[in-house]
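Notes to accompany the following structure.
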Amino acid sequence: HWGTEECRRIADKLAHLDRAQPIPVPITAIYSRADAVVAWPACIDRHSPRVTHVEVRSTHAGLGIHAGVWAVVFAALRAQRDGHPQASP
């Protein structure tokens, strides 16, 4: 079990790495506040310049079969193909 200080140290290190090397390609970050496995703030990329955040209403297990998730994925892929990588569904 990790203590609060260790978790804070790891979080600070990850934040430093994110600032130092943001992801340069388009990202579509799909998250759900109803996810009981992954805390939704962990899905928010505050450093990469080409990120689009999309919230859906789903459980963690349901993300893979949620129609709204697939619509977001389809829209992101279509936008990339058409040269508009930041388009939302």
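By order of appearance in the structure tokens: chains A, B, ..., then residues from 1 within every chain, and ligands from 1 in the order shown.
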
| task | Write out as a list in words all residues of chain A that DSSP puts in strand (DSSP E) for this structure's backbone. | result |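 Residues of chain A classed as strand (DSSP E): Ile27, Thr28, Ala29, Ile30, Tyr31, Val51, Thr52, His53, Val54 and Glu55 of chain A.
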
Same residues, C-alpha atoms, output as a PDB file, in the first residue's frame:
```pdb
ATOM      1  CA  ILE A  27      -5.656  12.467 -29.304  1.00  0.00           C
ATOM      2  CA  THR A  28      -9.282  11.743 -28.551  1.00  0.00           C
ATOM      3  CA  ALA A  29      -9.570  11.073 -24.828  1.00  0.00           C
ATOM      4  CA  ILE A  30     -12.863   9.367 -23.965  1.00  0.00           C
ATOM      5  CA  TYR A  31     -13.829   9.275 -20.298  1.00  0.00           C
ATOM      6  CA  VAL A  51      -6.197  16.632 -27.503  1.00  0.00           C
ATOM      7  CA  THR A  52      -9.994  16.490 -27.609  1.00  0.00           C
ATOM      8  CA  HIS A  53     -11.731  15.313 -24.428  1.00  0.00           C
ATOM      9  CA  VAL A  54     -15.103  13.613 -24.795  1.00  0.00           C
ATOM     10  CA  GLU A  55     -17.254  12.610 -21.845  1.00  0.00           C
TER      11      GLU A  55
END
```

| message | I'd like to know which residues of chain A are alpha helix (DSSP H) (by DSSP, run on the backbone); could you write them as JSON, numbers by chain? | response | {"A": [4, 5, 6, 7, 8, 9, 10, 11, 12, 13, 14, 15, 16, 17, 18, 19, 20, 67, 68, 69, 70, 71, 72, 73, 74, 75, 76, 77, 78, 79, 80, 81]}

| said: One number please: CA of Ile10 (chain A) to CA of Pro41 (chain A), in Å, one decimal. | reply: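 So the answer is 15.5 Å.
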
| query | Do you have the CA of Arg8 (chain A)-CA of Ala34 (chain A) distance handy? | reply |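 Distance between the two atoms: 24.1 Å.
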
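If only C-alpha atoms are the atoms counted, then among A:Thr59, A:Ala67, A:Leu77, A:Pro49 the closest residue to Arg19 (chain A) is A:Pro49.
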
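For the pair CA of Ala42 (chain A) and CA of Leu14 (chain A), the separation is 11.1 Å.
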